[in-house]
Amino acid sequence: MRSSRSKIRAGLSVAATLPLLAGALALSVPSANADSGPGSRHTLQGTRPQWAKSSADRGAAAGSAQVNARVYLAGRDAQGLTAYAQQVSDPQSASYGKYLTAKQAQARFGATPEQIKQVTAWLKSAGLTVTGSNQHYVSVSGDVSAAEKAFSTKLHNYRKGNKTYRAPTAAASAPASLGGAVLTVVGLDNAPHKVKHDDTLPPPDAVFKNAGPFSTYFGSNVNKKLPSAGGVQAPYAIKGYTGKQLRSAYGAGDKNGKGVTVAITDAYASPYIAADASKYAKSNGDGAYAKGQLQQVLPDAYTDVDECGAAGWYGEETLDVEAVHAVAPKADIRYVGAASCNDDALLDSLNKIVDSRLADIVSNSWGDIEANETPAVAAAYDQVFQMGAIEGIGFYFSSGDNGDEVAHTGTKQVDTPANSAWVTAVGGTALAVGKGDKYQWETGWGTVKSSLAADGNSWVGYPGAYTSGAGGGTSRTVAQPYYQRNVVPKTLSRANGGNPMRTVPDISAVADPNTGFLVGQTQTFPDGSQQYSEYRIGGTSLAAPVLAGVQALAQQARHGVPIGFANPSIYDRFGSKVYHDVTDHPLGKNRDLAVVRVDFANSIDASGGLLTSLRGLGDDASLEATKGYDVVTGVGSPAAGYVNSYRLK
């Protein structure tokens, strides 16, 4: 399960920025170029989308058409913010761990009242209406003519796929007299859709149930009457791992996350989360929630409910909350819901966390393909991540559920915001936990499917067609950050040719829905009733909160001292025994890995028949999980010793 941010930034994998400075991390700020003469302008590079090409130009946008935009503020010292965020995050730096409070961070790096005042006056002078402002941005509305005047560019209509959207013909700019107060502007292009308002949320999605039979632990139930796969009898899929099994697999030991707060961001909010989470914890031995341990921070109203598929996000929230609690049962959880699945709403949620330092660790199970993200939007995200870093907050993003994205988009690419050099991208594995909760092995998550033949004697088209897998690969927009140097092979960092670039993911955890997590959620049944039920689920949407839970345990091992932005520490541990080095063939090159799955044809009961299939494991499109760093699992998954490796010396 992983939710898609842009366009409809939601879907389930149920069991069914600009280049960085060399050697350092940089805020992906669209470059501001200008001279210092009167009337000169700062060019905001990256504000013209890549898809707005002359060959796709369909002519000028109507001057009276409406524009809604946000002008993000650069703050007092954007370069200083970048430098300090790196220093406090690098274990080799003298400033490592010297975090600022939220108030100190704003005072040192946030926008000043005078900057906000000047930017507001400029926008009004161009004929735009200011609809809101805060320490992060000034929002405006107005017609195309006013927007063109304000940002000194023309707005044209461009063909993108089979639709037409508005975008600037050249990069937008701001007056040089503002002294670099403007970080970027978003909203001059209107892809992918127009926002609409809706204050109510729909009922939950239709029910999904697993059919069974199941294995109680990996490999425990084998039907020898079924055909073999690669000379081996595959076991039935597990019913779904629980917290006890995941804690054992990832070396939790006696840690439980006490004293650590994990935030979760998604869109919307499940009306049933408190009851579902409580019932699930009680049913599966995770321990009851203490008063105030699970809290929601929600917007005043919701938008784009239909377009974003709001009900689909309920399952995302439920999975994230229950997975964090399963791994770190004493950690506090703050669910910070966004008003929609659009970037502006998700940025608002992330900023809420940073502005009030609501958490130490932030789990995010949503994203979009890199091709859909403009450098302007990337800059806005990176600013939030850097402000979080200087406060000791770490952000964890799922790497995607479509492997190299070729089958999904026709182009090999990574996902975003997981591609940011300022977040921890979490890849996925298929996990085998055996009898007594003993870790057996992991392989990279990549699933191929072949169905049982009508005569029951073979698997049709074995090994089968690719269905899904952990997202990963090499970014085309983000340069290689310093912490990946000497770890990521050049064949991966230079996979696109040219300079070394950021590769994804950084680390991994269980994600394959065929070896997934048991989740409990209120769903809508055929008779229209809403009832609680449990089913197996996966996706890097599972891996992200599981890893966030593990990081909560690691922070507890530090006596609560925040880990902050974790990537430098994660890569410092590369090659040590604190990681499982996950490969495609953990049991040998000639040993195929698979499970047998039986599904209800109608997703709820046997009245519509049963579907039996073989799900091959460890085959992630063109991506390979190899010894050392790879673009399916990163440096690997946490092993025994990982949690305690963060203890203060």
# chains A, B, ... in the order shown; residues from 1 in each chain; ligands from 1
call {"tool": "residues_around", "arguments": {"residues": "range 248-256 of chain A", "least_positions_apart": "6", "cutoff": "8 Å", "atoms": "only C-alpha atoms", "output": "list in words"}}
result
Val327, Ala328, Pro329, Lys330, Ala331, Val433, Asp437, Lys438, Tyr439, Val550, Ala552, Leu553, Gln556, Ala557, Ser637, Pro638, Ala639, Ala640, Gly641, Tyr642 and Val643 of chain A
call {"tool": "write_last_selection", "arguments": {"atoms": "all heavy atoms", "output": "CSV table (one decimal), in the first residue's frame"}}
result
chain,number,residue,atom,x,y,z
A,327,VAL,N,5.8,-2.0,16.3
A,327,VAL,CA,7.2,-2.1,16.5
A,327,VAL,C,7.7,-1.3,17.7
A,327,VAL,O,8.6,-1.7,18.4
A,327,VAL,CB,7.9,-1.5,15.2
A,327,VAL,CG1,9.4,-1.5,15.4
A,327,VAL,CG2,7.5,-2.4,14.0
A,328,ALA,N,7.1,-0.2,18.0
A,328,ALA,CA,7.5,0.7,19.1
A,328,ALA,C,6.2,1.0,20.0
A,328,ALA,O,5.7,2.1,19.9
A,328,ALA,CB,8.1,2.0,18.6
A,329,PRO,N,5.8,0.0,20.8
A,329,PRO,CA,4.5,0.1,21.4
A,329,PRO,C,4.4,1.2,22.5
A,329,PRO,O,3.2,1.5,22.9
A,329,PRO,CB,4.3,-1.3,22.0
A,329,PRO,CG,5.6,-1.9,22.1
A,329,PRO,CD,6.4,-1.3,21.0
A,330,LYS,N,5.5,1.8,22.9
A,330,LYS,CA,5.4,2.8,23.9
A,330,LYS,C,5.7,4.2,23.3
A,330,LYS,O,5.6,5.2,24.1
A,330,LYS,CB,6.4,2.6,25.1
A,330,LYS,CG,6.1,1.3,25.9
A,330,LYS,CD,4.8,1.5,26.7
A,330,LYS,CE,4.5,0.4,27.7
A,330,LYS,NZ,3.3,0.5,28.4
A,331,ALA,N,6.0,4.3,22.1
A,331,ALA,CA,6.2,5.6,21.4
A,331,ALA,C,4.9,6.3,21.3
A,331,ALA,O,3.8,5.7,21.1
A,331,ALA,CB,6.8,5.4,20.0
A,433,VAL,N,10.0,-14.9,8.4
A,433,VAL,CA,10.2,-15.1,9.9
A,433,VAL,C,9.7,-16.5,10.2
A,433,VAL,O,8.5,-16.8,9.9
A,433,VAL,CB,9.4,-14.0,10.7
A,433,VAL,CG1,9.6,-14.3,12.2
A,433,VAL,CG2,9.9,-12.6,10.3
A,437,ASP,N,9.6,-17.0,16.0
A,437,ASP,CA,9.8,-15.6,15.6
A,437,ASP,C,11.3,-15.4,15.2
A,437,ASP,O,11.8,-14.3,15.3
A,437,ASP,CB,9.4,-14.6,16.7
A,437,ASP,CG,8.0,-14.7,17.1
A,437,ASP,OD1,7.2,-15.1,16.3
A,437,ASP,OD2,7.7,-14.5,18.3
A,438,LYS,N,11.9,-16.4,14.6
A,438,LYS,CA,13.3,-16.3,14.3
A,438,LYS,C,13.4,-15.8,12.8
A,438,LYS,O,12.8,-16.3,11.9
A,438,LYS,CB,14.0,-17.7,14.4
A,438,LYS,CG,15.5,-17.7,14.1
A,438,LYS,CD,16.1,-19.1,14.3
A,438,LYS,CE,17.6,-19.0,14.0
A,438,LYS,NZ,18.2,-20.3,14.1
A,439,TYR,N,14.3,-14.8,12.7
A,439,TYR,CA,14.6,-14.3,11.4
A,439,TYR,C,15.3,-15.3,10.5
A,439,TYR,O,16.2,-16.0,10.9
A,439,TYR,CB,15.5,-13.1,11.5
A,439,TYR,CG,16.0,-12.4,10.2
A,439,TYR,CD1,15.2,-11.4,9.6
A,439,TYR,CD2,17.1,-12.9,9.5
A,439,TYR,CE1,15.7,-10.8,8.4
A,439,TYR,CE2,17.5,-12.3,8.3
A,439,TYR,CZ,16.8,-11.3,7.8
A,439,TYR,OH,17.2,-10.7,6.6
A,550,VAL,N,11.5,1.4,14.2
A,550,VAL,CA,12.8,0.9,14.6
A,550,VAL,C,13.7,2.1,15.0
A,550,VAL,O,14.4,2.1,16.0
A,550,VAL,CB,13.5,0.2,13.4
A,550,VAL,CG1,14.9,-0.1,13.7
A,550,VAL,CG2,12.7,-1.1,13.1
A,552,ALA,N,12.6,4.8,16.4
A,552,ALA,CA,12.1,5.2,17.7
A,552,ALA,C,12.8,4.4,18.8
A,552,ALA,O,13.2,4.9,19.8
A,552,ALA,CB,10.6,5.1,17.8
A,553,LEU,N,13.0,3.1,18.5
A,553,LEU,CA,13.7,2.2,19.4
A,553,LEU,C,15.2,2.7,19.5
A,553,LEU,O,15.8,2.7,20.6
A,553,LEU,CB,13.7,0.8,18.9
A,553,LEU,CG,12.3,0.2,18.6
A,553,LEU,CD1,12.5,-1.3,18.1
A,553,LEU,CD2,11.4,0.2,19.9
A,556,GLN,N,15.4,5.7,21.6
A,556,GLN,CA,15.3,5.4,23.0
A,556,GLN,C,16.7,4.8,23.6
A,556,GLN,O,17.1,5.1,24.7
A,556,GLN,CB,14.3,4.3,23.2
A,556,GLN,CG,14.0,3.9,24.7
A,556,GLN,CD,13.1,2.7,24.8
A,556,GLN,OE1,12.7,2.0,23.8
A,556,GLN,NE2,12.7,2.4,26.1
A,557,ALA,N,17.4,4.1,22.7
A,557,ALA,CA,18.7,3.6,23.1
A,557,ALA,C,19.7,4.7,23.4
A,557,ALA,O,20.7,4.5,24.1
A,557,ALA,CB,19.3,2.6,22.1
A,637,SER,N,18.6,-4.0,5.6
A,637,SER,CA,17.5,-3.8,6.6
A,637,SER,C,18.2,-4.0,8.0
A,637,SER,O,19.3,-4.6,8.2
A,637,SER,CB,16.4,-4.9,6.5
A,637,SER,OG,16.9,-6.2,6.8
A,638,PRO,N,17.6,-3.4,9.1
A,638,PRO,CA,18.1,-3.4,10.4
A,638,PRO,C,18.3,-4.9,10.9
A,638,PRO,O,17.3,-5.7,10.8
A,638,PRO,CB,17.1,-2.6,11.2
A,638,PRO,CG,16.4,-1.8,10.3
A,638,PRO,CD,16.3,-2.6,9.0
A,639,ALA,N,19.4,-5.2,11.5
A,639,ALA,CA,19.7,-6.5,12.1
A,639,ALA,C,19.8,-6.3,13.6
A,639,ALA,O,19.9,-5.2,14.1
A,639,ALA,CB,20.9,-7.1,11.5
A,640,ALA,N,20.0,-7.4,14.3
A,640,ALA,CA,20.3,-7.4,15.7
A,640,ALA,C,21.6,-6.5,15.9
A,640,ALA,O,22.6,-6.7,15.2
A,640,ALA,CB,20.5,-8.8,16.3
A,641,GLY,N,21.5,-5.6,16.8
A,641,GLY,CA,22.7,-4.7,17.0
A,641,GLY,C,22.4,-3.3,16.4
A,641,GLY,O,23.1,-2.4,16.8
A,642,TYR,N,21.5,-3.2,15.4
A,642,TYR,CA,21.3,-1.9,14.8
A,642,TYR,C,20.8,-0.9,15.9
A,642,TYR,O,21.3,0.2,16.0
A,642,TYR,CB,20.3,-2.0,13.7
A,642,TYR,CG,19.9,-0.7,13.0
A,642,TYR,CD1,20.8,-0.1,12.1
A,642,TYR,CD2,18.8,0.0,13.4
A,642,TYR,CE1,20.5,1.2,11.6
A,642,TYR,CE2,18.4,1.2,12.9
A,642,TYR,CZ,19.3,1.8,11.9
A,642,TYR,OH,19.0,3.0,11.4
A,643,VAL,N,19.7,-1.3,16.6
A,643,VAL,CA,19.1,-0.4,17.6
A,643,VAL,C,20.2,0.1,18.6
A,643,VAL,O,20.3,1.3,18.8
A,643,VAL,CB,17.9,-1.1,18.3
A,643,VAL,CG1,17.5,-0.3,19.5
A,643,VAL,CG2,16.8,-1.2,17.3
call {"tool": "select_by_dssp", "arguments": {"residues": "range 137-178 of chain A", "states": "helix (DSSP H, G or I)", "output": "number ranges by chain"}}
result
A: 144-151, 176-178
call {"tool": "residues_around", "arguments": {"residues": "Tyr646 in chain A", "least_positions_apart": "4", "cutoff": "12 Å", "atoms": "only C-alpha atoms", "output": "list of chain:residue names"}}
result
A:Pro91, A:Val550, A:Gln551, A:Ala552, A:Leu553, A:Ala554, A:Gln555, A:Gln556, A:Ala557, A:Arg558, A:His559, A:Gly560, A:Val561, A:Pro562, A:Ile563, A:Gly564, A:Ala566, A:Ser569, A:Ile570, A:Asp572, A:Arg573, A:Val578, A:Gly641, A:Tyr642
call {"tool": "atom_distance", "arguments": {"atom1": "CA of Ile604 in chain A", "atom2": "CA of Pro203 in chain A"}}
result
17.8 Å
call {"tool": "select_by_dssp", "arguments": {"residues": "range 266-511 of chain A", "states": "strand (DSSP E or B)", "output": "ChimeraX atom specification"}}
result
/A:266-267,294-297,302-303,332-338,361-364,366-369,394-398,402,415-416,424-433,439-444,446-452,459,465-469,473-479,501-504,507-510
call {"tool": "residues_around", "arguments": {"residues": "Ala432 in chain A", "least_positions_apart": "3", "cutoff": "8 Å", "atoms": "only C-alpha atoms", "output": "PyMOL selection string"}}
result
chain A and resi 217-218+439-442+515
call {"tool": "residues_around", "arguments": {"residues": "Gly243 in chain A", "least_positions_apart": "2", "cutoff": "7 Å", "atoms": "only C-alpha atoms", "output": "PyMOL selection string"}}
result
chain A and resi 241+245-247+286+326-327
call {"tool": "write_last_selection", "arguments": {"atoms": "C-alpha atoms", "output": "CSV table (one decimal), in the first residue's frame"}}
result
chain,number,residue,atom,x,y,z
A,241,TYR,CA,3.1,-10.7,10.5
A,245,GLN,CA,7.5,-11.1,14.7
A,246,LEU,CA,8.7,-7.7,13.3
A,247,ARG,CA,10.3,-6.7,16.6
A,286,ASP,CA,0.9,-4.9,21.1
A,326,ALA,CA,3.5,-2.7,16.7
A,327,VAL,CA,7.2,-2.1,16.5
call {"tool": "closest_residue", "arguments": {"among": "A:Thr216, A:Gln295, A:Asn514, A:Ser363", "to": "Lys435 in chain A", "atoms": "only C-alpha atoms"}}
result
A:Thr216
call {"tool": "residues_around", "arguments": {"residues": "range 156-167 of chain A", "least_positions_apart": "6", "cutoff": "9 Å", "atoms": "only C-alpha atoms", "output": "compact mmCIF listing (two decimals) with C-alpha atoms, in the first residue's frame"}}
result
# COMPACT_ATOMS: atom_id res chain seq x y z
CA THR A 47 9.48 27.49 -12.14
CA ARG A 48 8.87 26.50 -15.76
CA PRO A 49 7.97 22.77 -15.81
CA TRP A 51 6.86 19.44 -19.89
CA ALA A 52 6.21 23.05 -20.97
CA LYS A 53 8.16 22.66 -24.22
CA SER A 54 7.77 24.81 -27.31
CA SER A 55 6.61 21.77 -29.28
CA ALA A 56 3.69 21.39 -26.84
CA ASP A 57 2.76 25.10 -26.81
CA ARG A 58 -0.91 25.66 -27.64
CA GLY A 59 -0.86 29.44 -27.34
CA ALA A 60 -1.42 32.12 -24.74
CA ALA A 61 -3.65 31.47 -21.77
CA ALA A 62 -6.70 33.69 -21.52
CA GLY A 187 0.86 27.39 -8.90
CA LEU A 188 1.67 29.29 -12.07
CA ASP A 189 1.20 25.96 -13.80
CA ASN A 190 -2.16 24.35 -13.05
CA ALA A 191 -1.28 20.68 -13.49
CA PRO A 192 -2.72 18.35 -12.40
CA HIS A 193 -6.14 19.71 -11.32
